[in-house]
Amino acid sequence: MARFTGAWHAMASRRGWRAIACAIGLVGCGVAAGAAWRGGLWGSLTGAVLTATWLGVLTWWLVVERASTPPFAHEASREVAGDRLVLDAAPTPIVIIEGLSVRVLNRAARRLFGADDRVVPTPLTLTRSNEHYLRHEGRQYRIDRVALGGITAERSVAALIDVEQEEQVAEARATAEMIHILGHELLNGLAPIVSLAESGEAALDLPDPDPALLREILATLARRAEGLQRFAKGYRDLARLPVPRRTPTSLSEMADDLARLFTGRWPHVALIVQVANGLDWPLDRDQLHQALWAVLQNAAEAVTVGGDLEPRVTLTIRLRAEEMIAEVQDSGDGIEPEQATRIFRPFHTTKADGTGIGLSLARQIALAHGGALKVLPTMPTTFRMIVPLSPG
C-alpha cells in the first residue's frame with residue numbers, strides 16, 4: 001500500500017505540471033482570440049475559442065476530478081473488500097479494541113455480541129490488556145490479542161477462541177484414538193485365545209488324545225489370557241488415576257528406596273544417584289515413586305537391550321526456583337525420532353512383553369501434579385520430570 005501511495009503522489013505531481021501547462025495555453029488562446037477579433041479573422045477566432053474550451057475542460061479534469069481520486073483507489077477498494085470477505089469467513093469472533101470501545105470486525109463477532117458495529121454494553125474484560133479469558137453468555141473464551149498501538153488510545157485486535165469447543169475437539173480426538181488402540185489390542189489378544197481354544201477342542205476329538213499336547217495348549221492359553229488381563233489392568237490404572245495427595249516428602253529417602261529396588265531388579269546395571277540430603281518437596285510420594293520407577297525401568301531395559309558393555313543409569317533430583325526437577329539418563333543407543341513422538345502414547349510399546357503403560361502413566365502422574373514429563377532431544381537419552389511447588 002505504501003508503494004501505491006508513493007506512485008499516487010508522483011502521478012499527482014505530474015498532473016500538477018500538466019494543469020499549469022493548460023493554464024498557460026488558455027492565456028495564449030485568450031491573446032490569439034483578442035488579436036483575431038481586432039483583425040476580423042473570424043476563422044482564427046473560432047479556432048482559438050474551441051482550443052480554449054478544450055483546454056478548460058482538460059484543466060478541470062486534471063485538477064478537480066483526477067486530483068480528488070487516487071489512481072489506486074479501485075485497487076485499494078478491492079483489497080479492503082477482499083479483507084472483509086476473509087474476516088467474515090473466519091469462524092472465530094474478531095474484535096478491535098480502542099481504549100474503552102469495542103467494535104466487531106466479522107460475522108462471527110456480530111453473531112456473538114448481537115451488534116453490527118460497536119458492542120454495547122462494553123465487556124470490560126476485553127478492554128483490560130492483562131485479562132486473558134472472557135466469560136460471555138455462559139461460555140468461556142480465550143482472548144488472543146495483537147497490539148496495534150495508537151496516539152490517543154491503546155488499540156488492539158483480539159480473537160476470541162471458544163475454550164469449551166477446543167476441549168471438546170481434543171476430547172473427541174483422544175477418545176477416538178483410545179477406542180482405536182483398545183480395539184486393536186483386544187483383537188490382538190483375543191485372536192490367539194480363540195485359535196488355541198479351537199485347537200484344544202480338536203485335540204480332544206482325536207481318538208487317542210495326547211495329554212502333553214493338551215497341557216501345552218492350555219499353558220499357552222493361560223499365558224495369553226494373563227497378558228490380556230495385564231493389559232486390562234494397565235488400562236484401568238491409567239483411567240482411574242486418583243487426585244494426588246501432596247505431603248512434604250524427603251527426596252533423598254525416596255531416591256534411596258528407588259535405588260534399592262533398582263539394584264535388586266537389575267544388579268548388573270550401575271545406578272548413579274545424585275540428590276542432596278535434606279531436600280523436602282510437597283508431592284504424592286506413592287504416585288511419584290511409581291512414576292520414577294517406570295522411567296528407571298525404561299532406562300534399564302534400554303541399556304540391557306542395547307548390549308552396552310558398561311550399562312549405566314543416572315538419577316538426578318534437584319530444586320530450581322519453585323520446581324523440583326528429576327532427570328533419568330541412560331547410556332543406551334538413544335530413541336529413534338519417530339519413536340520419540342509416540343513413546344508416551346498409551347499402550348504403545350516396542351517390547352515383546354511390554355504393555356505400553358509405564359511411561360504414559362508416569363506422564364499422567366506428572367501432569368496431575370501440575371508438571372510435565374518429556375524426553376530431551378539430546379544424547380545420552382534423558383527423561384526430565386518437573387513438579388512445581390503448586391499445581392497452579
# chains A, B, ... in the order shown; residues from 1 in each chain; ligands from 1

$ residues_around --residues "Val163 in chain A" --least-positions-apart "2" --cutoff "6 Å" --atoms "only C-alpha atoms" --output "JSON, numbers by chain"
{"A": [140, 141, 161, 165, 166]}

$ residues_around --residues "Asp144 in chain A" --least-positions-apart "4" --cutoff "9 Å" --atoms "only C-alpha atoms" --output "VMD selection string"
chain A and resid 132 to 133 157 to 161

$ write_last_selection --atoms "N, CA, C and O atoms" --output "CSV table (one decimal), in the first residue's frame"
chain,number,residue,atom,x,y,z
A,132,HIS,N,-7.0,-12.5,30.1
A,132,HIS,CA,-6.8,-13.5,29.0
A,132,HIS,C,-8.0,-14.4,28.7
A,132,HIS,O,-8.0,-15.2,27.8
A,133,TYR,N,-9.1,-14.2,29.5
A,133,TYR,CA,-10.3,-15.0,29.3
A,133,TYR,C,-11.5,-14.1,29.5
A,133,TYR,O,-11.6,-13.2,30.3
A,157,VAL,N,-6.3,-5.8,18.3
A,157,VAL,CA,-7.2,-6.7,17.7
A,157,VAL,C,-7.2,-8.0,18.5
A,157,VAL,O,-6.1,-8.4,18.9
A,158,ALA,N,-8.4,-8.5,18.8
A,158,ALA,CA,-8.5,-9.7,19.6
A,158,ALA,C,-9.3,-10.7,19.0
A,158,ALA,O,-10.4,-10.4,18.4
A,159,ALA,N,-8.8,-12.0,19.0
A,159,ALA,CA,-9.6,-13.1,18.5
A,159,ALA,C,-10.1,-13.9,19.7
A,159,ALA,O,-9.3,-14.1,20.7
A,160,LEU,N,-11.4,-14.3,19.7
A,160,LEU,CA,-12.0,-14.9,20.9
A,160,LEU,C,-12.1,-16.4,20.6
A,160,LEU,O,-12.9,-16.8,19.7
A,161,ILE,N,-11.3,-17.2,21.2
A,161,ILE,CA,-11.2,-18.7,21.0
A,161,ILE,C,-12.2,-19.4,22.0
A,161,ILE,O,-12.0,-19.2,23.2

$ residues_around --residues "Arg245 in chain A" --least-positions-apart "2" --cutoff "8 Å" --atoms "only C-alpha atoms" --output "list in words"
Val243, Thr247, Leu283 and Asp284 of chain A

$ residues_around --residues "range 100-112 of chain A" --least-positions-apart "4" --cutoff "6 Å" --atoms "only C-alpha atoms" --output "number ranges by chain"
A: 87-88, 91, 93-96, 116-119, 127

$ atom_distance --atom1 "CA of Val313 in chain A" --atom2 "CA of Leu373 in chain A"
17.5 Å

$ select_by_dssp --residues "range 180-373 of chain A" --states "strand (DSSP E)" --output "mmCIF file with all heavy atoms, in the first residue's frame"
data_model
loop_
_atom_site.group_PDB
_atom_site.id
_atom_site.type_symbol
_atom_site.label_atom_id
_atom_site.label_comp_id
_atom_site.auth_asym_id
_atom_site.auth_seq_id
_atom_site.Cartn_x
_atom_site.Cartn_y
_atom_site.Cartn_z
ATOM 1 N N THR A 247 2.086 -34.222 50.265
ATOM 2 C CA THR A 247 2.609 -34.089 51.627
ATOM 3 C C THR A 247 4.117 -33.851 51.512
ATOM 4 O O THR A 247 4.760 -34.312 50.562
ATOM 5 C CB THR A 247 2.351 -35.348 52.463
ATOM 6 O OG1 THR A 247 2.915 -36.488 51.802
ATOM 7 C CG2 THR A 247 0.855 -35.567 52.668
ATOM 8 N N PRO A 248 4.726 -33.134 52.464
ATOM 9 C CA PRO A 248 6.181 -32.929 52.424
ATOM 10 C C PRO A 248 6.906 -34.271 52.411
ATOM 11 O O PRO A 248 6.703 -35.118 53.288
ATOM 12 C CB PRO A 248 6.469 -32.138 53.699
ATOM 13 C CG PRO A 248 5.166 -31.465 54.026
ATOM 14 C CD PRO A 248 4.097 -32.418 53.592
ATOM 15 N N THR A 249 7.757 -34.468 51.411
ATOM 16 C CA THR A 249 8.426 -35.760 51.203
ATOM 17 C C THR A 249 9.930 -35.548 51.094
ATOM 18 O O THR A 249 10.384 -34.622 50.398
ATOM 19 C CB THR A 249 7.901 -36.435 49.924
ATOM 20 O OG1 THR A 249 6.486 -36.628 50.047
ATOM 21 C CG2 THR A 249 8.574 -37.772 49.693
ATOM 22 N N SER A 250 10.684 -36.397 51.764
ATOM 23 C CA SER A 250 12.148 -36.353 51.664
ATOM 24 C C SER A 250 12.563 -36.944 50.319
ATOM 25 O O SER A 250 12.339 -38.140 50.059
ATOM 26 C CB SER A 250 12.784 -37.129 52.817
ATOM 27 O OG SER A 250 14.175 -37.256 52.609
ATOM 28 N N ALA A 270 24.667 -50.338 36.540
ATOM 29 C CA ALA A 270 25.122 -49.361 37.533
ATOM 30 C C ALA A 270 24.120 -48.201 37.616
ATOM 31 O O ALA A 270 23.753 -47.614 36.591
ATOM 32 C CB ALA A 270 26.506 -48.835 37.151
ATOM 33 N N LEU A 271 23.694 -47.888 38.838
ATOM 34 C CA LEU A 271 22.787 -46.766 39.067
ATOM 35 C C LEU A 271 23.519 -45.698 39.861
ATOM 36 O O LEU A 271 24.002 -45.952 40.970
ATOM 37 C CB LEU A 271 21.529 -47.207 39.816
ATOM 38 C CG LEU A 271 20.559 -46.089 40.172
ATOM 39 C CD1 LEU A 271 19.985 -45.441 38.911
ATOM 40 C CD2 LEU A 271 19.432 -46.599 41.070
ATOM 41 N N ILE A 272 23.574 -44.495 39.309
ATOM 42 C CA ILE A 272 24.209 -43.350 39.975
ATOM 43 C C ILE A 272 23.098 -42.416 40.437
ATOM 44 O O ILE A 272 22.291 -41.955 39.615
ATOM 45 C CB ILE A 272 25.170 -42.623 39.016
ATOM 46 C CG1 ILE A 272 26.240 -43.595 38.507
ATOM 47 C CG2 ILE A 272 25.813 -41.429 39.706
ATOM 48 C CD1 ILE A 272 27.107 -43.021 37.412
ATOM 49 N N VAL A 273 23.040 -42.143 41.729
ATOM 50 C CA VAL A 273 22.009 -41.279 42.299
ATOM 51 C C VAL A 273 22.650 -39.977 42.748
ATOM 52 O O VAL A 273 23.625 -39.991 43.512
ATOM 53 C CB VAL A 273 21.291 -41.960 43.485
ATOM 54 C CG1 VAL A 273 20.264 -41.019 44.094
ATOM 55 C CG2 VAL A 273 20.634 -43.266 43.024
ATOM 56 N N GLN A 274 22.101 -38.869 42.289
ATOM 57 C CA GLN A 274 22.614 -37.540 42.650
ATOM 58 C C GLN A 274 21.458 -36.715 43.210
ATOM 59 O O GLN A 274 20.624 -36.204 42.468
ATOM 60 C CB GLN A 274 23.213 -36.843 41.419
ATOM 61 C CG GLN A 274 24.395 -37.593 40.812
ATOM 62 C CD GLN A 274 24.897 -36.972 39.525
ATOM 63 O OE1 GLN A 274 24.222 -36.142 38.925
ATOM 64 N NE2 GLN A 274 26.085 -37.360 39.091
ATOM 65 N N VAL A 275 21.405 -36.619 44.534
ATOM 66 C CA VAL A 275 20.385 -35.831 45.210
ATOM 67 C C VAL A 275 20.952 -35.368 46.548
ATOM 68 O O VAL A 275 21.582 -36.152 47.264
ATOM 69 C CB VAL A 275 19.079 -36.636 45.403
ATOM 70 C CG1 VAL A 275 19.343 -37.933 46.127
ATOM 71 C CG2 VAL A 275 18.017 -35.816 46.130
ATOM 72 N N ASP A 280 13.187 -31.463 50.893
ATOM 73 C CA ASP A 280 11.796 -31.898 51.001
ATOM 74 C C ASP A 280 10.972 -31.185 49.933
ATOM 75 O O ASP A 280 11.264 -30.045 49.557
ATOM 76 C CB ASP A 280 11.225 -31.576 52.384
ATOM 77 C CG ASP A 280 11.861 -32.436 53.470
ATOM 78 O OD1 ASP A 280 12.461 -33.476 53.115
ATOM 79 O OD2 ASP A 280 11.764 -32.063 54.652
ATOM 80 N N TRP A 281 9.911 -31.881 49.466
ATOM 81 C CA TRP A 281 9.052 -31.281 48.452
ATOM 82 C C TRP A 281 7.636 -31.821 48.609
ATOM 83 O O TRP A 281 7.453 -33.017 48.877
ATOM 84 C CB TRP A 281 9.573 -31.617 47.047
ATOM 85 C CG TRP A 281 9.073 -30.668 45.987
ATOM 86 C CD1 TRP A 281 8.141 -30.914 45.034
ATOM 87 C CD2 TRP A 281 9.487 -29.320 45.801
ATOM 88 N NE1 TRP A 281 7.948 -29.815 44.259
ATOM 89 C CE2 TRP A 281 8.761 -28.807 44.704
ATOM 90 C CE3 TRP A 281 10.396 -28.487 46.456
ATOM 91 C CZ2 TRP A 281 8.918 -27.501 44.250
ATOM 92 C CZ3 TRP A 281 10.556 -27.198 46.000
ATOM 93 C CH2 TRP A 281 9.825 -26.714 44.916
ATOM 94 N N PRO A 282 6.619 -30.959 48.480
ATOM 95 C CA PRO A 282 5.239 -31.442 48.617
ATOM 96 C C PRO A 282 4.800 -32.215 47.368
ATOM 97 O O PRO A 282 4.683 -31.652 46.280
ATOM 98 C CB PRO A 282 4.433 -30.144 48.785
ATOM 99 C CG PRO A 282 5.261 -29.099 48.109
ATOM 100 C CD PRO A 282 6.688 -29.494 48.294
ATOM 101 N N LEU A 283 4.565 -33.506 47.527
ATOM 102 C CA LEU A 283 4.132 -34.349 46.417
ATOM 103 C C LEU A 283 3.478 -35.608 46.960
ATOM 104 O O LEU A 283 3.544 -35.904 48.158
ATOM 105 C CB LEU A 283 5.319 -34.701 45.505
ATOM 106 C CG LEU A 283 6.613 -35.214 46.148
ATOM 107 C CD1 LEU A 283 6.545 -36.714 46.455
ATOM 108 C CD2 LEU A 283 7.806 -34.932 45.250
ATOM 109 N N ARG A 312 24.702 -48.151 32.294
ATOM 110 C CA ARG A 312 24.705 -47.154 33.361
ATOM 111 C C ARG A 312 23.439 -46.304 33.276
ATOM 112 O O ARG A 312 23.027 -45.875 32.189
ATOM 113 C CB ARG A 312 25.948 -46.266 33.249
ATOM 114 C CG ARG A 312 26.098 -45.238 34.360
ATOM 115 C CD ARG A 312 27.376 -44.455 34.178
ATOM 116 N NE ARG A 312 27.360 -43.631 32.955
ATOM 117 C CZ ARG A 312 27.927 -43.955 31.812
ATOM 118 N NH1 ARG A 312 28.596 -45.096 31.690
ATOM 119 N NH2 ARG A 312 27.856 -43.161 30.762
ATOM 120 N N VAL A 313 22.835 -46.051 34.434
ATOM 121 C CA VAL A 313 21.657 -45.186 34.545
ATOM 122 C C VAL A 313 21.930 -44.180 35.655
ATOM 123 O O VAL A 313 22.479 -44.543 36.711
ATOM 124 C CB VAL A 313 20.382 -45.998 34.849
ATOM 125 C CG1 VAL A 313 19.200 -45.071 35.096
ATOM 126 C CG2 VAL A 313 20.071 -46.959 33.707
ATOM 127 N N THR A 314 21.562 -42.926 35.401
ATOM 128 C CA THR A 314 21.783 -41.861 36.387
ATOM 129 C C THR A 314 20.452 -41.220 36.757
ATOM 130 O O THR A 314 19.669 -40.837 35.876
ATOM 131 C CB THR A 314 22.730 -40.780 35.833
ATOM 132 O OG1 THR A 314 23.966 -41.386 35.456
ATOM 133 C CG2 THR A 314 22.986 -39.697 36.865
ATOM 134 N N LEU A 315 20.203 -41.116 38.055
ATOM 135 C CA LEU A 315 19.021 -40.426 38.577
ATOM 136 C C LEU A 315 19.482 -39.165 39.299
ATOM 137 O O LEU A 315 20.241 -39.239 40.266
ATOM 138 C CB LEU A 315 18.239 -41.330 39.540
ATOM 139 C CG LEU A 315 17.106 -40.661 40.335
ATOM 140 C CD1 LEU A 315 16.027 -40.122 39.399
ATOM 141 C CD2 LEU A 315 16.513 -41.626 41.361
ATOM 142 N N THR A 316 19.024 -38.011 38.824
ATOM 143 C CA THR A 316 19.389 -36.724 39.418
ATOM 144 C C THR A 316 18.121 -36.004 39.856
ATOM 145 O O THR A 316 17.184 -35.865 39.054
ATOM 146 C CB THR A 316 20.165 -35.846 38.415
ATOM 147 O OG1 THR A 316 21.306 -36.567 37.946
ATOM 148 C CG2 THR A 316 20.614 -34.548 39.069
ATOM 149 N N ILE A 317 18.091 -35.565 41.097
ATOM 150 C CA ILE A 317 16.951 -34.793 41.619
ATOM 151 C C ILE A 317 17.495 -33.491 42.203
ATOM 152 O O ILE A 317 18.403 -33.511 43.032
ATOM 153 C CB ILE A 317 16.165 -35.574 42.691
ATOM 154 C CG1 ILE A 317 15.656 -36.907 42.129
ATOM 155 C CG2 ILE A 317 15.005 -34.741 43.212
ATOM 156 C CD1 ILE A 317 14.921 -37.756 43.151
ATOM 157 N N ARG A 318 16.932 -32.372 41.757
ATOM 158 C CA ARG A 318 17.387 -31.062 42.244
ATOM 159 C C ARG A 318 16.189 -30.112 42.278
ATOM 160 O O ARG A 318 15.126 -30.398 41.715
ATOM 161 C CB ARG A 318 18.482 -30.492 41.342
ATOM 162 C CG ARG A 318 18.012 -30.111 39.953
ATOM 163 C CD ARG A 318 19.174 -29.608 39.108
ATOM 164 N NE ARG A 318 18.735 -28.994 37.866
ATOM 165 C CZ ARG A 318 18.493 -29.628 36.743
ATOM 166 N NH1 ARG A 318 18.628 -30.937 36.706
ATOM 167 N NH2 ARG A 318 18.106 -28.987 35.651
ATOM 168 N N LEU A 319 16.399 -28.980 42.964
ATOM 169 C CA LEU A 319 15.375 -27.946 43.047
ATOM 170 C C LEU A 319 15.843 -26.733 42.249
ATOM 171 O O LEU A 319 17.021 -26.372 42.283
ATOM 172 C CB LEU A 319 15.115 -27.550 44.500
ATOM 173 C CG LEU A 319 14.651 -28.663 45.436
ATOM 174 C CD1 LEU A 319 14.345 -28.088 46.812
ATOM 175 C CD2 LEU A 319 13.426 -29.379 44.878
ATOM 176 N N ARG A 320 14.883 -26.094 41.545
ATOM 177 C CA ARG A 320 15.171 -24.884 40.786
ATOM 178 C C ARG A 320 13.996 -23.931 40.946
ATOM 179 O O ARG A 320 12.891 -24.225 40.486
ATOM 180 C CB ARG A 320 15.391 -25.212 39.309
ATOM 181 C CG ARG A 320 15.740 -23.996 38.455
ATOM 182 C CD ARG A 320 15.860 -24.390 36.998
ATOM 183 N NE ARG A 320 14.579 -24.810 36.456
ATOM 184 C CZ ARG A 320 14.416 -25.281 35.214
ATOM 185 N NH1 ARG A 320 15.463 -25.425 34.426
ATOM 186 N NH2 ARG A 320 13.212 -25.643 34.785
ATOM 187 N N GLU A 323 10.409 -25.259 41.440
ATOM 188 C CA GLU A 323 10.215 -26.524 40.738
ATOM 189 C C GLU A 323 11.163 -27.590 41.267
ATOM 190 O O GLU A 323 12.296 -27.294 41.638
ATOM 191 C CB GLU A 323 10.462 -26.359 39.235
ATOM 192 C CG GLU A 323 9.468 -25.456 38.530
ATOM 193 C CD GLU A 323 9.826 -25.284 37.069
ATOM 194 O OE1 GLU A 323 11.013 -25.471 36.710
ATOM 195 O OE2 GLU A 323 8.917 -24.955 36.278
ATOM 196 N N MET A 324 10.658 -28.825 41.306
ATOM 197 C CA MET A 324 11.514 -29.980 41.529
ATOM 198 C C MET A 324 11.765 -30.624 40.180
ATOM 199 O O MET A 324 10.822 -30.865 39.408
ATOM 200 C CB MET A 324 10.846 -30.986 42.462
ATOM 201 C CG MET A 324 11.746 -32.167 42.812
ATOM 202 S SD MET A 324 10.841 -33.717 43.107
ATOM 203 C CE MET A 324 10.450 -34.231 41.446
ATOM 204 N N ILE A 325 13.012 -30.908 39.870
ATOM 205 C CA ILE A 325 13.380 -31.495 38.584
ATOM 206 C C ILE A 325 14.058 -32.826 38.843
ATOM 207 O O ILE A 325 15.054 -32.906 39.576
ATOM 208 C CB ILE A 325 14.314 -30.571 37.786
ATOM 209 C CG1 ILE A 325 13.608 -29.242 37.496
ATOM 210 C CG2 ILE A 325 14.745 -31.231 36.483
ATOM 211 C CD1 ILE A 325 14.481 -28.247 36.776
ATOM 212 N N ALA A 326 13.498 -33.877 38.260
ATOM 213 C CA ALA A 326 14.085 -35.219 38.347
ATOM 214 C C ALA A 326 14.445 -35.657 36.930
ATOM 215 O O ALA A 326 13.587 -35.632 36.029
ATOM 216 C CB ALA A 326 13.107 -36.198 38.984
ATOM 217 N N GLU A 327 15.693 -36.054 36.732
ATOM 218 C CA GLU A 327 16.162 -36.478 35.415
ATOM 219 C C GLU A 327 16.724 -37.895 35.498
ATOM 220 O O GLU A 327 17.456 -38.230 36.431
ATOM 221 C CB GLU A 327 17.230 -35.530 34.880
ATOM 222 C CG GLU A 327 16.699 -34.151 34.535
ATOM 223 C CD GLU A 327 17.761 -33.243 33.949
ATOM 224 O OE1 GLU A 327 18.959 -33.588 34.042
ATOM 225 O OE2 GLU A 327 17.400 -32.192 33.394
ATOM 226 N N VAL A 328 16.345 -38.706 34.503
ATOM 227 C CA VAL A 328 16.850 -40.077 34.386
ATOM 228 C C VAL A 328 17.586 -40.165 33.053
ATOM 229 O O VAL A 328 17.002 -39.946 31.994
ATOM 230 C CB VAL A 328 15.714 -41.107 34.456
ATOM 231 C CG1 VAL A 328 16.261 -42.511 34.210
ATOM 232 C CG2 VAL A 328 15.010 -41.037 35.803
ATOM 233 N N GLN A 329 18.869 -40.504 33.131
ATOM 234 C CA GLN A 329 19.732 -40.557 31.947
ATOM 235 C C GLN A 329 20.316 -41.959 31.827
ATOM 236 O O GLN A 329 20.677 -42.577 32.840
ATOM 237 C CB GLN A 329 20.840 -39.515 32.093
ATOM 238 C CG GLN A 329 21.687 -39.286 30.858
ATOM 239 C CD GLN A 329 22.698 -38.181 31.112
ATOM 240 O OE1 GLN A 329 23.835 -38.446 31.522
ATOM 241 N NE2 GLN A 329 22.284 -36.940 30.917
ATOM 242 N N ASP A 330 20.378 -42.472 30.596
ATOM 243 C CA ASP A 330 20.928 -43.813 30.414
ATOM 244 C C ASP A 330 21.980 -43.802 29.315
ATOM 245 O O ASP A 330 22.063 -42.874 28.512
ATOM 246 C CB ASP A 330 19.821 -44.826 30.089
ATOM 247 C CG ASP A 330 19.150 -44.569 28.753
ATOM 248 O OD1 ASP A 330 19.794 -44.751 27.700
ATOM 249 O OD2 ASP A 330 17.961 -44.179 28.741
ATOM 250 N N ALA A 372 5.238 -31.837 34.236
ATOM 251 C CA ALA A 372 5.393 -32.399 32.902
ATOM 252 C C ALA A 372 6.472 -33.460 32.934
ATOM 253 O O ALA A 372 7.344 -33.482 33.829
ATOM 254 C CB ALA A 372 5.753 -31.309 31.895
ATOM 255 N N LEU A 373 6.416 -34.354 31.954
ATOM 256 C CA LEU A 373 7.453 -35.366 31.731
ATOM 257 C C LEU A 373 7.744 -35.390 30.245
ATOM 258 O O LEU A 373 6.820 -35.545 29.435
ATOM 259 C CB LEU A 373 6.993 -36.746 32.207
ATOM 260 C CG LEU A 373 7.939 -37.913 31.889
ATOM 261 C CD1 LEU A 373 9.277 -37.726 32.579
ATOM 262 C CD2 LEU A 373 7.312 -39.252 32.263
#

$ atom_distance --atom1 "CA of Ala259 in chain A" --atom2 "CA of Val303 in chain A"
16.5 Å

$ residues_around --residues "Pro311 in chain A" --least-positions-apart "5" --cutoff "12 Å" --atoms "only C-alpha atoms" --output "list in words"
Trp266, Pro267, His268, Val269, Ala270, Leu271, Ile272, Ala299, Ala300, Glu301, Ala302, Val303, Thr304, Val305, Gly306, Gln329, Asp330, Ser331, Gly332 and Asp333 of chain A

$ closest_residue --among "A:Ala222, A:Gln229, A:Asp162, A:Arg384" --to "Leu134 in chain A" --atoms "only C-alpha atoms"
A:Asp162

$ closest_residue --among "A:Pro192, A:Pro244, A:Pro207, A:Pro380" --to "Thr220 in chain A" --atoms "only C-alpha atoms"
A:Pro192

$ atom_distance --atom1 "CA of Arg224 in chain A" --atom2 "CA of Ile193 in chain A"
6.6 Å

$ select_by_dssp --residues "range 90-277 of chain A" --states "alpha helix (DSSP H)" --output "PyMOL selection string"
chain A and resi 107-113+124-127+163-204+211-239+251-265

$ closest_residue --among "A:Thr378, A:Ser156, A:Ser390, A:Gln364" --to "Ala321 in chain A" --atoms "only C-alpha atoms"
A:Ser390

$ decode --residues "range 272-288 of chain A" --atoms "N, CA and C atoms" --output "PDB file, in the first residue's frame"
ATOM      1  N   ILE A 272      23.574 -44.495  39.309  1.00  0.00           N
ATOM      2  CA  ILE A 272      24.209 -43.350  39.975  1.00  0.00           C
ATOM      3  C   ILE A 272      23.098 -42.416  40.437  1.00  0.00           C
ATOM      4  N   VAL A 273      23.040 -42.143  41.729  1.00  0.00           N
ATOM      5  CA  VAL A 273      22.009 -41.279  42.299  1.00  0.00           C
ATOM      6  C   VAL A 273      22.650 -39.977  42.748  1.00  0.00           C
ATOM      7  N   GLN A 274      22.101 -38.869  42.289  1.00  0.00           N
ATOM      8  CA  GLN A 274      22.614 -37.540  42.650  1.00  0.00           C
ATOM      9  C   GLN A 274      21.458 -36.715  43.210  1.00  0.00           C
ATOM     10  N   VAL A 275      21.405 -36.619  44.534  1.00  0.00           N
ATOM     11  CA  VAL A 275      20.385 -35.831  45.210  1.00  0.00           C
ATOM     12  C   VAL A 275      20.952 -35.368  46.548  1.00  0.00           C
ATOM     13  N   ALA A 276      20.740 -34.114  46.863  1.00  0.00           N
ATOM     14  CA  ALA A 276      21.260 -33.567  48.122  1.00  0.00           C
ATOM     15  C   ALA A 276      20.390 -34.010  49.298  1.00  0.00           C
ATOM     16  N   ASN A 277      21.009 -34.217  50.441  1.00  0.00           N
ATOM     17  CA  ASN A 277      20.269 -34.584  51.643  1.00  0.00           C
ATOM     18  C   ASN A 277      19.501 -33.378  52.178  1.00  0.00           C
ATOM     19  N   GLY A 278      18.374 -33.663  52.812  1.00  0.00           N
ATOM     20  CA  GLY A 278      17.604 -32.607  53.455  1.00  0.00           C
ATOM     21  C   GLY A 278      16.646 -31.875  52.544  1.00  0.00           C
ATOM     22  N   LEU A 279      16.500 -32.336  51.308  1.00  0.00           N
ATOM     23  CA  LEU A 279      15.554 -31.689  50.393  1.00  0.00           C
ATOM     24  C   LEU A 279      14.169 -32.306  50.569  1.00  0.00           C
ATOM     25  N   ASP A 280      13.187 -31.463  50.893  1.00  0.00           N
ATOM     26  CA  ASP A 280      11.796 -31.898  51.001  1.00  0.00           C
ATOM     27  C   ASP A 280      10.972 -31.185  49.933  1.00  0.00           C
ATOM     28  N   TRP A 281       9.911 -31.881  49.466  1.00  0.00           N
ATOM     29  CA  TRP A 281       9.052 -31.281  48.452  1.00  0.00           C
ATOM     30  C   TRP A 281       7.636 -31.821  48.609  1.00  0.00           C
ATOM     31  N   PRO A 282       6.619 -30.959  48.480  1.00  0.00           N
ATOM     32  CA  PRO A 282       5.239 -31.442  48.617  1.00  0.00           C
ATOM     33  C   PRO A 282       4.800 -32.215  47.368  1.00  0.00           C
ATOM     34  N   LEU A 283       4.565 -33.506  47.527  1.00  0.00           N
ATOM     35  CA  LEU A 283       4.132 -34.349  46.417  1.00  0.00           C
ATOM     36  C   LEU A 283       3.478 -35.608  46.960  1.00  0.00           C
ATOM     37  N   ASP A 284       2.826 -36.341  46.063  1.00  0.00           N
ATOM     38  CA  ASP A 284       2.239 -37.627  46.420  1.00  0.00           C
ATOM     39  C   ASP A 284       3.342 -38.667  46.280  1.00  0.00           C
ATOM     40  N   ARG A 285       3.886 -39.099  47.398  1.00  0.00           N
ATOM     41  CA  ARG A 285       5.064 -39.986  47.375  1.00  0.00           C
ATOM     42  C   ARG A 285       4.791 -41.266  46.597  1.00  0.00           C
ATOM     43  N   ASP A 286       3.640 -41.899  46.837  1.00  0.00           N
ATOM     44  CA  ASP A 286       3.347 -43.172  46.171  1.00  0.00           C
ATOM     45  C   ASP A 286       3.298 -42.992  44.655  1.00  0.00           C
ATOM     46  N   GLN A 287       2.620 -41.931  44.214  1.00  0.00           N
ATOM     47  CA  GLN A 287       2.491 -41.723  42.776  1.00  0.00           C
ATOM     48  C   GLN A 287       3.836 -41.361  42.133  1.00  0.00           C
ATOM     49  N   LEU A 288       4.604 -40.442  42.774  1.00  0.00           N
ATOM     50  CA  LEU A 288       5.894 -40.060  42.203  1.00  0.00           C
ATOM     51  C   LEU A 288       6.869 -41.232  42.213  1.00  0.00           C
TER      52      LEU A 288
END
